[in-house]
Amino acid sequence: MLFIWSCGFFQDGGKPVIKTYDGQWQSIRVNNAIVEFIIEQGYGYTVETVEMTSHEMQEAMETGEINLNMEMWQQSRMDWYNEQIEKGNIINLGMSFEAGPQFFIIPKWLAEQHHIETIFDMEQHWRLFKDPRGTSKGIFYNCIIGWRCDEINQVKLEAYGLTRYYNIFSPGSSAATEAAFEGARLNHQPVFGYYWAPTALMGKYDWHILKEPPYTDQCWQKISAAVKDRNLRPIDQACAYENLPVEKVVHKSLLKNAQDVVEMLDKMVVGLEPLNKTLAWAKENDQNRDEASIYYLKNYEDRWKTWVTPKAYKRIDKALKQHLKSSVSDVGNLRS
């Protein structure tokens, strides 16, 4: 029998199902898989991952439909974030990994060949990035539809005067975004757009991050206001994203209903460099989120061991060894 609670459902035995947010990008999927293995194997809860847009996530976090967001890129939704923190609906449990940079990029070889340094240099070089759909403009690959950065980048490009020269294309998924960038790199073609780290793509190729005016609070307030009110556009200035740590956020009810999990999450710091290496390994070996999480847990035991209780550690370690043993056995069966 299942009993409804404010954040989801209770399993038999009284432990709630913990629901995590999947924003459809690589690092959050691996982060979710890591925390899922730890919570389920070490603490005995069921974890359910729910795929949704960032706008849907905001509504779900307010009501407790989603209990956990492993990557709250709060800069993209600062007003909402501050309001929910002040109301006490969501609780910040600290850094998931060090500053997660967001930026505009082109291939490094292209920047060197054409002496492109800043975002403003892109005006005179738009012909290098001709839109394959046959228009008389270049193309800028935006973040995916439904992410807040989709709107932020539109405001920024308008302020930089680049919408006169570039069409903005917002793909429907992070996989489509990655495919556009990787396809261009494999074919040694120019490509211009928004990206972020940690990602396998940033680790695999050499990129040039276009210089923008430095971040200021005043500038970002103008950008945020223009995202909310189209009548303010175009604004007269824009600036780079601020590099902020990417943090873990839970709904308030999790503190009451899964205190042991909250205590673990409070200590959990996945780390930018370990996550970059894990994502690169998964990309190079064509592995999914679950196998990437096993890679992380196997190679960074010194980190995750400090997050969990001794009892949970024994359970996780046992489950990890069983998984690895099963994987070796499966490979042997395939070869026989």
# chains A, B, ... in the order shown; residues from 1 in each chain; ligands from 1

call {"tool": "closest_atom_pairs", "arguments": {"of": "region 103-219 of chain A", "to": "region 53-77 of chain A", "cutoff": "10 Å", "atoms": "only C-alpha atoms", "output": "JSON lines"}}
result
{"residue": "A:Ile144", "atom": "CA", "partner": "A:Thr53", "partner_atom": "CA", "distance": 9.5}
{"residue": "A:Ile145", "atom": "CA", "partner": "A:Thr53", "partner_atom": "CA", "distance": 8.4}
{"residue": "A:Gly146", "atom": "CA", "partner": "A:Thr53", "partner_atom": "CA", "distance": 5.4}
{"residue": "A:Trp147", "atom": "CA", "partner": "A:Ser54", "partner_atom": "CA", "distance": 5.5}
{"residue": "A:Arg148", "atom": "CA", "partner": "A:Ser76", "partner_atom": "CA", "distance": 5.9}
{"residue": "A:Cys149", "atom": "CA", "partner": "A:Ser76", "partner_atom": "CA", "distance": 6.3}
{"residue": "A:Asp150", "atom": "CA", "partner": "A:Ser76", "partner_atom": "CA", "distance": 9.8}
{"residue": "A:Glu151", "atom": "CA", "partner": "A:Ser76", "partner_atom": "CA", "distance": 9.6}
{"residue": "A:Ile152", "atom": "CA", "partner": "A:Ser76", "partner_atom": "CA", "distance": 7.7}

call {"tool": "write_last_selection", "arguments": {"atoms": "C-alpha atoms", "output": "mmCIF file, in the first residue's frame"}}
result
data_model
loop_
_atom_site.group_PDB
_atom_site.id
_atom_site.type_symbol
_atom_site.label_atom_id
_atom_site.label_comp_id
_atom_site.auth_asym_id
_atom_site.auth_seq_id
_atom_site.Cartn_x
_atom_site.Cartn_y
_atom_site.Cartn_z
ATOM 1 C CA ILE A 144 17.488 24.212 -25.452
ATOM 2 C CA ILE A 145 13.901 25.418 -25.519
ATOM 3 C CA GLY A 146 12.516 25.579 -21.991
ATOM 4 C CA TRP A 147 15.785 26.474 -20.276
ATOM 5 C CA ARG A 148 15.978 29.975 -18.828
ATOM 6 C CA CYS A 149 19.307 30.584 -20.613
ATOM 7 C CA ASP A 150 17.375 30.364 -23.895
ATOM 8 C CA GLU A 151 15.727 33.706 -23.055
ATOM 9 C CA ILE A 152 18.793 35.196 -21.364
#

call {"tool": "residues_around", "arguments": {"residues": "region 194-196 of chain A", "least_positions_apart": "6", "cutoff": "9 Å", "atoms": "only C-alpha atoms", "output": "PyMOL selection string"}}
result
chain A and resi 100-105+140-143+149+153+177+202

call {"tool": "residues_around", "arguments": {"residues": "His208 (chain A)", "least_positions_apart": "5", "cutoff": "8 Å", "atoms": "only C-alpha atoms", "output": "list in words"}}
result
Ile105, Ile106, Pro107, Lys108 and Ala111 of chain A

call {"tool": "write_last_selection", "arguments": {"atoms": "C-alpha atoms", "output": "PDB file, in the first residue's frame"}}
result
ATOM      1  CA  ILE A 105      32.164  29.580 -27.777  1.00  0.00           C
ATOM      2  CA  ILE A 106      33.698  28.978 -31.198  1.00  0.00           C
ATOM      3  CA  PRO A 107      36.403  26.456 -32.166  1.00  0.00           C
ATOM      4  CA  LYS A 108      39.865  27.494 -31.017  1.00  0.00           C
ATOM      5  CA  ALA A 111      39.530  31.984 -33.398  1.00  0.00           C
TER       6      ALA A 111
END

call {"tool": "closest_atom_pairs", "arguments": {"of": "region 97-203 of chain A", "to": "region 257-270 of chain A", "cutoff": "12 Å", "atoms": "only C-alpha atoms", "output": "Markdown table"}}
result
| residue | atom | partner | partner_atom | distance |
| --- | --- | --- | --- | --- |
| A:Phe97 | CA | A:Val270 | CA | 5.7 |
| A:Glu98 | CA | A:Val269 | CA | 8.7 |
| A:Pro198 | CA | A:Val270 | CA | 11.6 |

call {"tool": "write_last_selection", "arguments": {"atoms": "C-alpha atoms", "output": "mmCIF file, in the first residue's frame"}}
result
data_model
loop_
_atom_site.group_PDB
_atom_site.id
_atom_site.type_symbol
_atom_site.label_atom_id
_atom_site.label_comp_id
_atom_site.auth_asym_id
_atom_site.auth_seq_id
_atom_site.Cartn_x
_atom_site.Cartn_y
_atom_site.Cartn_z
ATOM 1 C CA PHE A 97 30.567 21.162 -7.657
ATOM 2 C CA GLU A 98 32.715 24.251 -8.072
ATOM 3 C CA PRO A 198 31.157 20.370 -16.867
#

call {"tool": "closest_residue", "arguments": {"among": "A:Ile316, A:Leu162, A:Ile34, A:Ala197", "to": "Leu244 (chain A)", "atoms": "only C-alpha atoms"}}
result
A:Ala197

call {"tool": "select_by_dssp", "arguments": {"residues": "region 79-184 of chain A", "states": "strand (DSSP E or B)", "output": "list in words"}}
result
Ile90, Ile91, Asn92, Leu93, Gly94, Met95, Ser96, Phe97, Gln102, Phe103, Phe104, Ile105, Ile106, Pro107, Thr118, Lys130, Gly138, Ile139, Phe140, Tyr141, Tyr166, Asn167, Ile168 and Phe169 of chain A

call {"tool": "atom_distance", "arguments": {"atom1": "CA of Thr216 (chain A)", "atom2": "CA of Ile168 (chain A)"}}
result
24.8 Å

call {"tool": "residues_around", "arguments": {"residues": "Gly42 (chain A)", "least_positions_apart": "6", "cutoff": "9 Å", "atoms": "only C-alpha atoms", "output": "MDAnalysis selection string"}}
result
chainID A and resid 308:309 311:317 319

call {"tool": "select_by_dssp", "arguments": {"residues": "region 209-298 of chain A", "states": "helix (DSSP H, G or I)", "output": "PyMOL selection string"}}
result
chain A and resi 217-228+230-232+253-257+259-267+272-284+289-298

call {"tool": "write_last_selection", "arguments": {"atoms": "N, CA and C atoms", "output": "short mmCIF file (atom, residue, chain, number, x, y, z; two decimals), in the first residue's frame"}}
result
data_model
loop_
_atom_site.label_atom_id
_atom_site.label_comp_id
_atom_site.auth_asym_id
_atom_site.auth_seq_id
_atom_site.Cartn_x
_atom_site.Cartn_y
_atom_site.Cartn_z
N ASP A 217 26.42 43.10 -10.98
CA ASP A 217 25.05 42.94 -10.50
C ASP A 217 24.09 43.86 -11.26
N GLN A 218 24.54 45.09 -11.52
CA GLN A 218 23.69 46.06 -12.21
C GLN A 218 23.35 45.59 -13.62
N CYS A 219 24.36 45.09 -14.33
CA CYS A 219 24.13 44.59 -15.68
C CYS A 219 23.17 43.41 -15.67
N TRP A 220 23.38 42.50 -14.72
CA TRP A 220 22.54 41.30 -14.71
C TRP A 220 21.09 41.62 -14.34
N GLN A 221 20.90 42.63 -13.54
CA GLN A 221 19.54 43.06 -13.21
C GLN A 221 18.82 43.55 -14.46
N LYS A 222 19.56 44.24 -15.34
CA LYS A 222 18.96 44.71 -16.61
C LYS A 222 18.58 43.52 -17.49
N ILE A 223 19.47 42.54 -17.56
CA ILE A 223 19.19 41.35 -18.37
C ILE A 223 17.97 40.62 -17.83
N SER A 224 17.92 40.41 -16.52
CA SER A 224 16.80 39.69 -15.91
C SER A 224 15.48 40.42 -16.11
N ALA A 225 15.52 41.75 -16.00
CA ALA A 225 14.29 42.54 -16.20
C ALA A 225 13.79 42.41 -17.63
N ALA A 226 14.73 42.39 -18.59
CA ALA A 226 14.35 42.29 -20.01
C ALA A 226 13.83 40.90 -20.36
N VAL A 227 14.27 39.87 -19.63
CA VAL A 227 13.73 38.54 -19.82
C VAL A 227 12.26 38.52 -19.41
N LYS A 228 11.94 39.20 -18.33
CA LYS A 228 10.56 39.23 -17.82
C LYS A 228 9.65 40.14 -18.65
N ARG A 230 9.41 42.04 -22.25
CA ARG A 230 9.93 42.23 -23.60
C ARG A 230 9.93 43.68 -24.03
N ASN A 231 9.11 44.52 -23.38
CA ASN A 231 9.06 45.94 -23.73
C ASN A 231 10.36 46.67 -23.39
N LEU A 232 11.19 46.06 -22.55
CA LEU A 232 12.47 46.68 -22.18
C LEU A 232 13.57 46.38 -23.19
N SER A 253 10.15 19.66 3.01
CA SER A 253 9.59 18.48 3.65
C SER A 253 10.58 17.33 3.74
N LEU A 254 11.63 17.36 2.90
CA LEU A 254 12.62 16.30 2.95
C LEU A 254 13.38 16.32 4.28
N LEU A 255 13.49 17.49 4.89
CA LEU A 255 14.18 17.59 6.18
C LEU A 255 13.47 16.76 7.25
N LYS A 256 12.16 16.68 7.15
CA LYS A 256 11.37 15.94 8.13
C LYS A 256 11.27 14.46 7.78
N ASN A 257 11.10 14.17 6.48
CA ASN A 257 10.76 12.81 6.06
C ASN A 257 11.95 11.95 5.64
N GLN A 259 15.55 12.68 6.93
CA GLN A 259 16.62 13.46 7.58
C GLN A 259 18.00 12.85 7.32
N ASP A 260 18.08 11.52 7.29
CA ASP A 260 19.38 10.89 7.06
C ASP A 260 19.92 11.20 5.66
N VAL A 261 19.01 11.28 4.69
CA VAL A 261 19.41 11.63 3.33
C VAL A 261 19.86 13.08 3.26
N VAL A 262 19.16 13.95 3.95
CA VAL A 262 19.52 15.37 3.98
C VAL A 262 20.90 15.55 4.59
N GLU A 263 21.18 14.81 5.65
CA GLU A 263 22.51 14.90 6.29
C GLU A 263 23.60 14.45 5.33
N MET A 264 23.32 13.41 4.54
CA MET A 264 24.29 12.96 3.54
C MET A 264 24.48 14.01 2.46
N LEU A 265 23.37 14.56 1.94
CA LEU A 265 23.44 15.56 0.88
C LEU A 265 24.19 16.81 1.32
N ASP A 266 24.07 17.14 2.58
CA ASP A 266 24.75 18.32 3.12
C ASP A 266 26.27 18.18 3.04
N LYS A 267 26.76 16.95 3.07
CA LYS A 267 28.20 16.69 2.99
C LYS A 267 28.66 16.41 1.56
N LEU A 272 34.01 19.34 -9.51
CA LEU A 272 34.01 19.67 -10.93
C LEU A 272 34.96 18.78 -11.72
N GLU A 273 36.20 18.62 -11.25
CA GLU A 273 37.18 17.83 -11.98
C GLU A 273 36.80 16.35 -12.04
N PRO A 274 36.40 15.72 -10.92
CA PRO A 274 35.94 14.33 -11.01
C PRO A 274 34.75 14.16 -11.95
N LEU A 275 33.86 15.13 -11.94
CA LEU A 275 32.68 15.03 -12.81
C LEU A 275 33.09 15.18 -14.28
N ASN A 276 34.01 16.11 -14.57
CA ASN A 276 34.52 16.26 -15.94
C ASN A 276 35.13 14.95 -16.43
N LYS A 277 35.94 14.31 -15.60
CA LYS A 277 36.60 13.07 -15.98
C LYS A 277 35.59 11.95 -16.17
N THR A 278 34.58 11.91 -15.33
CA THR A 278 33.54 10.89 -15.46
C THR A 278 32.75 11.07 -16.75
N LEU A 279 32.39 12.31 -17.06
CA LEU A 279 31.65 12.59 -18.30
C LEU A 279 32.49 12.25 -19.53
N ALA A 280 33.78 12.58 -19.47
CA ALA A 280 34.66 12.27 -20.61
C ALA A 280 34.78 10.76 -20.80
N TRP A 281 34.91 10.01 -19.68
CA TRP A 281 34.98 8.55 -19.76
C TRP A 281 33.71 7.98 -20.38
N ALA A 282 32.57 8.47 -19.95
CA ALA A 282 31.30 7.97 -20.47
C ALA A 282 31.17 8.26 -21.96
N LYS A 283 31.60 9.43 -22.37
CA LYS A 283 31.53 9.80 -23.79
C LYS A 283 32.46 8.92 -24.62
N GLU A 284 33.67 8.76 -24.17
CA GLU A 284 34.67 7.98 -24.93
C GLU A 284 34.29 6.51 -25.01
N ARG A 289 24.23 6.91 -18.13
CA ARG A 289 24.34 7.59 -16.84
C ARG A 289 24.64 6.63 -15.70
N ASP A 290 24.04 5.45 -15.74
CA ASP A 290 24.20 4.49 -14.66
C ASP A 290 25.63 3.95 -14.61
N GLU A 291 26.18 3.63 -15.76
CA GLU A 291 27.56 3.14 -15.78
C GLU A 291 28.53 4.26 -15.43
N ALA A 292 28.19 5.49 -15.82
CA ALA A 292 29.03 6.63 -15.44
C ALA A 292 29.05 6.81 -13.92
N SER A 293 27.90 6.59 -13.27
CA SER A 293 27.86 6.71 -11.81
C SER A 293 28.71 5.63 -11.15
N ILE A 294 28.70 4.43 -11.71
CA ILE A 294 29.53 3.35 -11.17
C ILE A 294 31.01 3.70 -11.33
N TYR A 295 31.37 4.28 -12.47
CA TYR A 295 32.75 4.73 -12.69
C TYR A 295 33.15 5.74 -11.62
N TYR A 296 32.27 6.69 -11.37
CA TYR A 296 32.56 7.71 -10.35
C TYR A 296 32.74 7.06 -8.98
N LEU A 297 31.80 6.22 -8.58
CA LEU A 297 31.85 5.61 -7.25
C LEU A 297 33.07 4.71 -7.09
N LYS A 298 33.46 4.06 -8.17
CA LYS A 298 34.64 3.20 -8.13
C LYS A 298 35.93 4.00 -7.99
#

call {"tool": "residues_around", "arguments": {"residues": "Leu186 (chain A)", "least_positions_apart": "5", "cutoff": "12 Å", "atoms": "only C-alpha atoms", "output": "list in words"}}
result
Pro107, Glu178, Ala179, Ala180, Phe181, Val191, Leu201, Lys204 and Tyr205 of chain A

call {"tool": "write_last_selection", "arguments": {"atoms": "N, CA and C atoms", "output": "PDB file, in the first residue's frame"}}
result
ATOM      1  N   PRO A 107      35.202  27.296 -32.190  1.00  0.00           N
ATOM      2  CA  PRO A 107      36.403  26.456 -32.166  1.00  0.00           C
ATOM      3  C   PRO A 107      37.678  27.290 -32.015  1.00  0.00           C
ATOM      4  N   GLU A 178      24.425  19.193 -28.512  1.00  0.00           N
ATOM      5  CA  GLU A 178      25.730  18.531 -28.564  1.00  0.00           C
ATOM      6  C   GLU A 178      26.041  18.047 -29.977  1.00  0.00           C
ATOM      7  N   ALA A 179      25.032  17.504 -30.652  1.00  0.00           N
ATOM      8  CA  ALA A 179      25.242  16.990 -32.002  1.00  0.00           C
ATOM      9  C   ALA A 179      25.646  18.103 -32.965  1.00  0.00           C
ATOM     10  N   ALA A 180      25.055  19.285 -32.796  1.00  0.00           N
ATOM     11  CA  ALA A 180      25.398  20.406 -33.672  1.00  0.00           C
ATOM     12  C   ALA A 180      26.848  20.815 -33.491  1.00  0.00           C
ATOM     13  N   PHE A 181      27.290  20.886 -32.247  1.00  0.00           N
ATOM     14  CA  PHE A 181      28.675  21.276 -31.977  1.00  0.00           C
ATOM     15  C   PHE A 181      29.656  20.181 -32.397  1.00  0.00           C
ATOM     16  N   VAL A 191      31.436  26.906 -35.922  1.00  0.00           N
ATOM     17  CA  VAL A 191      30.203  26.803 -35.155  1.00  0.00           C
ATOM     18  C   VAL A 191      30.271  27.821 -34.026  1.00  0.00           C
ATOM     19  N   LEU A 201      31.842  17.490 -24.015  1.00  0.00           N
ATOM     20  CA  LEU A 201      32.207  18.251 -25.207  1.00  0.00           C
ATOM     21  C   LEU A 201      33.310  19.262 -24.921  1.00  0.00           C
ATOM     22  N   LYS A 204      36.588  17.372 -24.586  1.00  0.00           N
ATOM     23  CA  LYS A 204      37.060  16.621 -25.753  1.00  0.00           C
ATOM     24  C   LYS A 204      37.744  17.499 -26.789  1.00  0.00           C
ATOM     25  N   TYR A 205      37.289  18.741 -26.966  1.00  0.00           N
ATOM     26  CA  TYR A 205      37.803  19.625 -28.009  1.00  0.00           C
ATOM     27  C   TYR A 205      38.348  20.916 -27.405  1.00  0.00           C
TER      28      TYR A 205
END

call {"tool": "atom_distance", "arguments": {"atom1": "CA of Pro132 (chain A)", "atom2": "CA of Asn167 (chain A)"}}
result
10.7 Å

call {"tool": "residues_around", "arguments": {"residues": "Glu212 (chain A)", "least_positions_apart": "2", "cutoff": "8 Å", "atoms": "only C-alpha atoms", "output": "PyMOL selection string"}}
result
chain A and resi 118-119+210+214+239-240

call {"tool": "write_last_selection", "arguments": {"atoms": "N, CA and C atoms", "output": "PDB file, in the first residue's frame"}}
result
ATOM      1  N   THR A 118      36.701  38.630 -29.008  1.00  0.00           N
ATOM      2  CA  THR A 118      35.560  39.048 -28.196  1.00  0.00           C
ATOM      3  C   THR A 118      34.234  38.768 -28.895  1.00  0.00           C
ATOM      4  N   ILE A 119      33.174  38.896 -28.142  1.00  0.00           N
ATOM      5  CA  ILE A 119      31.834  38.729 -28.686  1.00  0.00           C
ATOM      6  C   ILE A 119      31.559  39.763 -29.767  1.00  0.00           C
ATOM      7  N   LEU A 210      34.527  33.289 -25.988  1.00  0.00           N
ATOM      8  CA  LEU A 210      34.511  34.685 -26.421  1.00  0.00           C
ATOM      9  C   LEU A 210      34.446  35.623 -25.224  1.00  0.00           C
ATOM     10  N   PRO A 214      32.657  42.148 -18.351  1.00  0.00           N
ATOM     11  CA  PRO A 214      32.585  41.374 -17.110  1.00  0.00           C
ATOM     12  C   PRO A 214      31.234  41.513 -16.411  1.00  0.00           C
ATOM     13  N   CYS A 239      26.445  41.434 -20.387  1.00  0.00           N
ATOM     14  CA  CYS A 239      27.709  41.025 -19.762  1.00  0.00           C
ATOM     15  C   CYS A 239      27.762  39.503 -19.662  1.00  0.00           C
ATOM     16  N   ALA A 240      28.911  39.016 -19.249  1.00  0.00           N
ATOM     17  CA  ALA A 240      29.125  37.577 -19.114  1.00  0.00           C
ATOM     18  C   ALA A 240      28.308  37.020 -17.959  1.00  0.00           C
TER      19      ALA A 240
END

call {"tool": "closest_atom_pairs", "arguments": {"of": "region 139-177 of chain A", "to": "region 16-25 of chain A", "cutoff": "9 Å", "atoms": "only C-alpha atoms", "output": "CSV"}}
result
residue,atom,partner,partner_atom,distance
A:Trp147,CA,A:Gly23,CA,8.5
A:Ser173,CA,A:Gln24,CA,7.2
A:Ser174,CA,A:Trp25,CA,5.7
A:Ala175,CA,A:Trp25,CA,8.0

call {"tool": "atom_distance", "arguments": {"atom1": "CA of Ile209 (chain A)", "atom2": "CA of Gln154 (chain A)"}}
result
17.8 Å
